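What follows is one structure encoded as structure tokens, with my remarks underneath.
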Amino acid sequence: MSSPLALALVPLFLTTPVPPVITPTVVTQTFEEPADADDPAIWVNPRDTERSVVLGTLKEGGLAAFDLNGRTIGIHPAPQPPTPDAKPGRYNNVDVLGDLAFVSDRGRDRIRVFQVDERGARDVTNPATKPVFSRTEAEVDGQHTVYGLAAGRVQGKDVVVTSRRNETSIALLQVQKGRTYDTRKVSTLDLPSTFTLPDGRSWTVCGEPGEGPQVEGMVIDERTNTLYAAQEDVGIWRIPLRANGFGKPQLVDKVRTFGAPQKYDPETEECEPDGPNPGFGGKWLEADAEGLTIADDVLLASSQGDSRFVAYRKADMVPLRDFRVKDVEHSDGADIVLGKLNLFVVHDGERPNGTGFAFIRF
């Protein structure tokens, strides 16, 4: 494990019987409906790290910008619907590449682009940008649209990877630069929803009829040209990434309920156990597998189902330790940066009156 992160997370490696708890340095304001905090990203100010900015998606509430004390310095509303019957903008996930922030607009099936500086963010999306997955407005309104998102530089090109809500699809897009910014889809990949178990049986991930096991948490490892993608009810995939396509996916860790029989209950709108768990899943992740972020040679993953985080040695995905963040529940997204600014930011999904974000400085 890298020395900066090891020193920062020393408590994680104590031989305690329960996961250690890290106390946030600051927390943001609480956001109430229709704003709903979801995913953070960190922009490091190259001139003055103490004037860096944290961005956070608020779904229909838009995109928020915070200073390092957790104070809100700006909120950028999501787009209004083009017609009264259409879906409005809904910002789901965000990632930063250089001085640009890329946001998945689930409501309108677009990738939005923002220019970031110490004052916050400014929308620089090409007004003519097109839907990523939808061919018609009716398909946009069906909301099988962009969902999770990761940005990075691969083989000399700036790229964005986005997943599709209620589907197993992910898409690779190249960034098109000009006075405004656009993204061009160059490849797609469909992950499986049915798996052959060690005992030879076939297991299909349970879900509401017509909905597949989606991916949300993603991160690009620029050092190795690799995408890590968390398929919520399945586990974590490692996928080789090129500037124009995907390599062969490898499932490198599974949620605990992987392979367990379940059935959908239309009354509760949830999947319920339908027999004993055969034990084919992993030991560390409680579904949903969610936010992913990389710190040097460590991959951090949100085990959303039991409000923990898991640290893996990235090279071989050996779990190193799990931990909690005090008072943070059901976290969707996380981001971490090391160096002059050592900061870990997580989504806080369950406050008494809403949601928000927690910052850990180290």
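Labels used: A, B, ... for chains in the order of the structure tokens, numbers from 1 for residues in each chain, and numbers from 1 for ligands as shown.
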With stretch 307-316 of chain A as the partner and 10 Å as the cut-off, tabulate the residues of stretch 16-125 of chain A that qualify, each row holding the nearest pair of atoms and their distance in Å to one decimal, using only C-alpha atoms, sorted by chain and rising number, as JSON lines.
```
{"residue": "A:Pro19", "atom": "CA", "partner": "A:Arg308", "partner_atom": "CA", "distance": 8.0}
{"residue": "A:Pro20", "atom": "CA", "partner": "A:Arg308", "partner_atom": "CA", "distance": 9.7}
{"residue": "A:Val21", "atom": "CA", "partner": "A:Arg308", "partner_atom": "CA", "distance": 9.3}
```
Store the residues of this selection in a file with N, CA and C atoms, as an mmCIF file, in the first residue's frame.
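Once everything was written out, this is selection.cif:
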```cif
data_model
loop_
_atom_site.group_PDB
_atom_site.id
_atom_site.type_symbol
_atom_site.label_atom_id
_atom_site.label_comp_id
_atom_site.auth_asym_id
_atom_site.auth_seq_id
_atom_site.Cartn_x
_atom_site.Cartn_y
_atom_site.Cartn_z
ATOM 1 N N PRO A 19 -15.332 -3.085 12.005
ATOM 2 C CA PRO A 19 -14.710 -2.072 11.155
ATOM 3 C C PRO A 19 -14.452 -0.782 11.920
ATOM 4 N N PRO A 20 -13.251 -0.199 11.819
ATOM 5 C CA PRO A 20 -12.978 1.083 12.461
ATOM 6 C C PRO A 20 -13.827 2.184 11.841
ATOM 7 N N VAL A 21 -13.982 3.267 12.593
ATOM 8 C CA VAL A 21 -14.837 4.378 12.172
ATOM 9 C C VAL A 21 -13.978 5.634 12.033
#
```
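Close contacts of A:Gln176, defined as residues with an atom at most 12 Å away when counting only C-alpha atoms, with chain neighbours fewer than 4 positions off set aside, comprise A:Ile111, A:Val113, A:Val124, A:Thr125, A:Asn126, A:Thr129, A:Lys157, A:Asp158, A:Val159, A:Val160, A:Thr180, A:Tyr181, A:Asp182, A:Thr183, A:Arg184, A:Lys185, A:Val186.
Atom CA of A:Arg108 sits 25.7 Å away from atom CA of A:Pro192.
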Query raised in the report: Counting only C-alpha atoms, which of A:Arg119, A:Lys87, A:Arg361, A:Arg242 gets nearest to A:Asn45?
Result: A:Arg119
Query - DSSP strand (DSSP E or B) residues within stretch 63-164 of chain A, as a count of residues only - result: 52
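In terms of minimum interatomic distance to A:Glu350, A:Thr30 ranks closest within A:Thr162, A:Thr30, A:Thr23, A:Thr257, counting only C-alpha atoms.
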Query - Residue neighbourhood A:Arg51, 9 Å, only C-alpha atoms, exclusion window fewer than 5 positions, as an MDAnalysis selection string - result: chainID A and resid 44:45 67:68 117:119
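Remark: for A:Ile239, the closest of the candidate residues A:Gly142, A:Thr268, A:Val161, A:Pro276 is A:Val161 (distances computed over only C-alpha atoms).
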**Report entry** Distance query A:Ser302 at most 12 Å, only C-alpha atoms, self and fewer than 4 positions along chain excluded, as an MDAnalysis selection string
**Finding:** chainID A and resid 39 216:218 229:232 235:236 255 284:293 306:312 322:325 328:335 345:349
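The shortest atom-to-atom distance to A:Ile294, with only C-alpha atoms taken into account, belongs to A:Ala150 out of A:Ala358, A:Ala150, A:Leu173, A:Ala86.
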Query raised in the report: Which parts of stretch 56-192 of chain A does DSSP call alpha helix (DSSP H) when run on the backbone here, written out as a ChimeraX atom specification?
Result: /A:137-142
Those same residues - N, CA and C atoms - I'd like them written as an mmCIF file, in the first residue's frame.
```
data_model
loop_
_atom_site.group_PDB
_atom_site.id
_atom_site.type_symbol
_atom_site.label_atom_id
_atom_site.label_comp_id
_atom_site.auth_asym_id
_atom_site.auth_seq_id
_atom_site.Cartn_x
_atom_site.Cartn_y
_atom_site.Cartn_z
ATOM 1 N N GLU A 137 -37.402 10.964 -28.242
ATOM 2 C CA GLU A 137 -37.810 11.567 -26.967
ATOM 3 C C GLU A 137 -38.588 10.566 -26.122
ATOM 4 N N ALA A 138 -39.351 9.696 -26.767
ATOM 5 C CA ALA A 138 -40.086 8.670 -26.010
ATOM 6 C C ALA A 138 -39.116 7.749 -25.274
ATOM 7 N N GLU A 139 -37.990 7.422 -25.898
ATOM 8 C CA GLU A 139 -37.003 6.587 -25.223
ATOM 9 C C GLU A 139 -36.345 7.345 -24.069
ATOM 10 N N VAL A 140 -36.083 8.639 -24.274
ATOM 11 C CA VAL A 140 -35.550 9.444 -23.170
ATOM 12 C C VAL A 140 -36.505 9.385 -21.983
ATOM 13 N N ASP A 141 -37.787 9.573 -22.248
ATOM 14 C CA ASP A 141 -38.769 9.597 -21.173
ATOM 15 C C ASP A 141 -38.953 8.231 -20.518
ATOM 16 N N GLY A 142 -38.533 7.163 -21.208
ATOM 17 C CA GLY A 142 -38.547 5.833 -20.605
ATOM 18 C C GLY A 142 -37.474 5.658 -19.555
#
```
Query - 7 Å contact set for A:Val26, only C-alpha atoms, chain neighbours under 4 positions out, as an NGL selection string - result: :A and (69-70 or 358-359)
Residues just named, written with N, CA and C atoms as a JSON list (two decimals), in the first residue's frame:
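The resulting file, again-v6.json, is shown below:
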```json
[["chain", "number", "residue", "atom", "x", "y", "z"],
["A", 69, "ASN", "N", -14.22, 23.85, 3.19],
["A", 69, "ASN", "CA", -14.87, 23.88, 4.50],
["A", 69, "ASN", "C", -16.30, 23.35, 4.43],
["A", 70, "GLY", "N", -16.67, 22.83, 3.26],
["A", 70, "GLY", "CA", -18.00, 22.27, 3.10],
["A", 70, "GLY", "C", -19.08, 23.30, 2.81],
["A", 358, "ALA", "N", -19.82, 14.23, 3.09],
["A", 358, "ALA", "CA", -18.89, 14.33, 4.21],
["A", 358, "ALA", "C", -17.46, 14.37, 3.68],
["A", 359, "PHE", "N", -16.62, 15.25, 4.24],
["A", 359, "PHE", "CA", -15.22, 15.41, 3.84],
["A", 359, "PHE", "C", -14.32, 14.88, 4.95]]
```
Report summary line: Among A:Val132, A:Asp199, A:Phe357, A:Asp296, A:Asp327 is approached most closely, using only C-alpha atoms, by A:Phe357
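Of the listed residues A:Thr224, A:Thr204, A:Asn92, A:Ser303, the one whose atoms come nearest to A:Phe258 is A:Thr204, with distances taken using only C-alpha atoms.
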**Report entry** Computed interatomic separation between atom CA of A:Val337 and atom CA of A:Ile42 (Å)
**Finding:** 7.4 Å
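Interatomic distance, atom CA of A:Phe114 to atom CA of A:Asp36: 19.6 Å.
The environment of A:Gln262 within 12 Å, counting only C-alpha atoms and disregarding residues fewer than 2 places along the same chain, consists of Trp203, Thr204, Val205, Cys206, Gly207, Glu208, Asp233, Thr257, Phe258, Gly259, Ala260, Tyr264, Asp265, Glu270, Cys271, Glu272, Pro273, Asp274, Gly275, Pro276, Asn277 and Pro278 of chain A.
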Okay, now the selection with N, CA, C and O atoms, as a compact mmCIF listing (two decimals), in the first residue's frame?
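Result file again-v5.txt:
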```txt
# COMPACT_ATOMS: atom_id res chain seq x y z
N TRP A 203 -27.76 -18.77 -12.78
CA TRP A 203 -28.37 -17.80 -11.86
C TRP A 203 -28.55 -16.48 -12.59
O TRP A 203 -27.62 -15.96 -13.19
N THR A 204 -29.78 -15.96 -12.54
CA THR A 204 -30.09 -14.67 -13.14
C THR A 204 -30.36 -13.68 -12.04
O THR A 204 -31.11 -13.97 -11.10
N VAL A 205 -29.76 -12.50 -12.16
CA VAL A 205 -29.92 -11.47 -11.14
C VAL A 205 -31.38 -11.06 -11.06
O VAL A 205 -32.02 -10.78 -12.08
N CYS A 206 -31.93 -11.03 -9.84
CA CYS A 206 -33.32 -10.65 -9.64
C CYS A 206 -33.49 -9.16 -9.86
O CYS A 206 -32.60 -8.35 -9.55
N GLY A 207 -34.65 -8.79 -10.38
CA GLY A 207 -34.95 -7.38 -10.58
C GLY A 207 -36.40 -7.20 -10.97
O GLY A 207 -37.11 -8.18 -11.27
N GLU A 208 -36.86 -5.96 -10.98
CA GLU A 208 -38.20 -5.67 -11.44
C GLU A 208 -38.33 -6.08 -12.90
O GLU A 208 -37.38 -5.93 -13.67
N ASP A 233 -25.83 -5.38 -8.05
CA ASP A 233 -26.24 -6.65 -7.43
C ASP A 233 -25.33 -7.81 -7.82
O ASP A 233 -25.67 -8.97 -7.56
N THR A 257 -24.58 -11.74 -1.85
CA THR A 257 -25.77 -12.44 -2.32
C THR A 257 -25.63 -12.96 -3.75
O THR A 257 -26.62 -13.45 -4.32
N PHE A 258 -24.43 -12.86 -4.33
CA PHE A 258 -24.23 -13.41 -5.68
C PHE A 258 -24.58 -14.89 -5.68
O PHE A 258 -24.07 -15.67 -4.87
N GLY A 259 -25.46 -15.31 -6.58
CA GLY A 259 -25.86 -16.71 -6.68
C GLY A 259 -26.99 -17.12 -5.78
O GLY A 259 -27.49 -18.26 -5.88
N ALA A 260 -27.44 -16.22 -4.89
CA ALA A 260 -28.51 -16.58 -3.96
C ALA A 260 -29.86 -16.49 -4.66
O ALA A 260 -30.13 -15.53 -5.38
N TYR A 264 -38.88 -11.47 -7.13
CA TYR A 264 -39.38 -10.10 -7.05
C TYR A 264 -40.77 -10.09 -6.44
O TYR A 264 -41.66 -10.85 -6.85
N ASP A 265 -40.97 -9.23 -5.44
CA ASP A 265 -42.26 -9.07 -4.78
C ASP A 265 -42.88 -7.77 -5.29
O ASP A 265 -42.40 -6.68 -4.95
N GLU A 270 -39.43 -5.06 -4.19
CA GLU A 270 -38.08 -5.47 -3.81
C GLU A 270 -37.89 -6.95 -4.13
O GLU A 270 -38.85 -7.72 -4.25
N CYS A 271 -36.61 -7.35 -4.29
CA CYS A 271 -36.30 -8.76 -4.43
C CYS A 271 -36.12 -9.36 -3.04
O CYS A 271 -35.37 -8.83 -2.21
N GLU A 272 -36.81 -10.48 -2.80
CA GLU A 272 -36.78 -11.14 -1.50
C GLU A 272 -36.08 -12.49 -1.62
O GLU A 272 -36.13 -13.14 -2.68
N PRO A 273 -35.42 -12.96 -0.55
CA PRO A 273 -34.79 -14.29 -0.59
C PRO A 273 -35.80 -15.38 -0.92
O PRO A 273 -36.95 -15.35 -0.47
N ASP A 274 -35.37 -16.33 -1.72
CA ASP A 274 -36.23 -17.44 -2.14
C ASP A 274 -35.52 -18.77 -1.94
O ASP A 274 -35.56 -19.64 -2.80
N GLY A 275 -34.82 -18.88 -0.81
CA GLY A 275 -34.06 -20.08 -0.52
C GLY A 275 -32.75 -19.72 0.14
O GLY A 275 -32.37 -18.54 0.23
N PRO A 276 -32.02 -20.70 0.63
CA PRO A 276 -30.75 -20.42 1.32
C PRO A 276 -29.68 -19.91 0.37
O PRO A 276 -29.64 -20.28 -0.81
N ASN A 277 -28.81 -19.06 0.90
CA ASN A 277 -27.68 -18.55 0.14
C ASN A 277 -26.64 -19.66 0.01
O ASN A 277 -26.15 -20.17 1.02
N PRO A 278 -26.28 -20.08 -1.21
CA PRO A 278 -25.34 -21.19 -1.37
C PRO A 278 -23.89 -20.81 -1.07
O PRO A 278 -23.01 -21.67 -1.10
```
Query raised in the report: Near A:Ser163, within 6 Å and counting only C-alpha atoms, which residues show up once chain neighbours fewer than 4 positions away are dropped, as a PyMOL selection string?
Result: chain A and resi 146-148+169-170+215
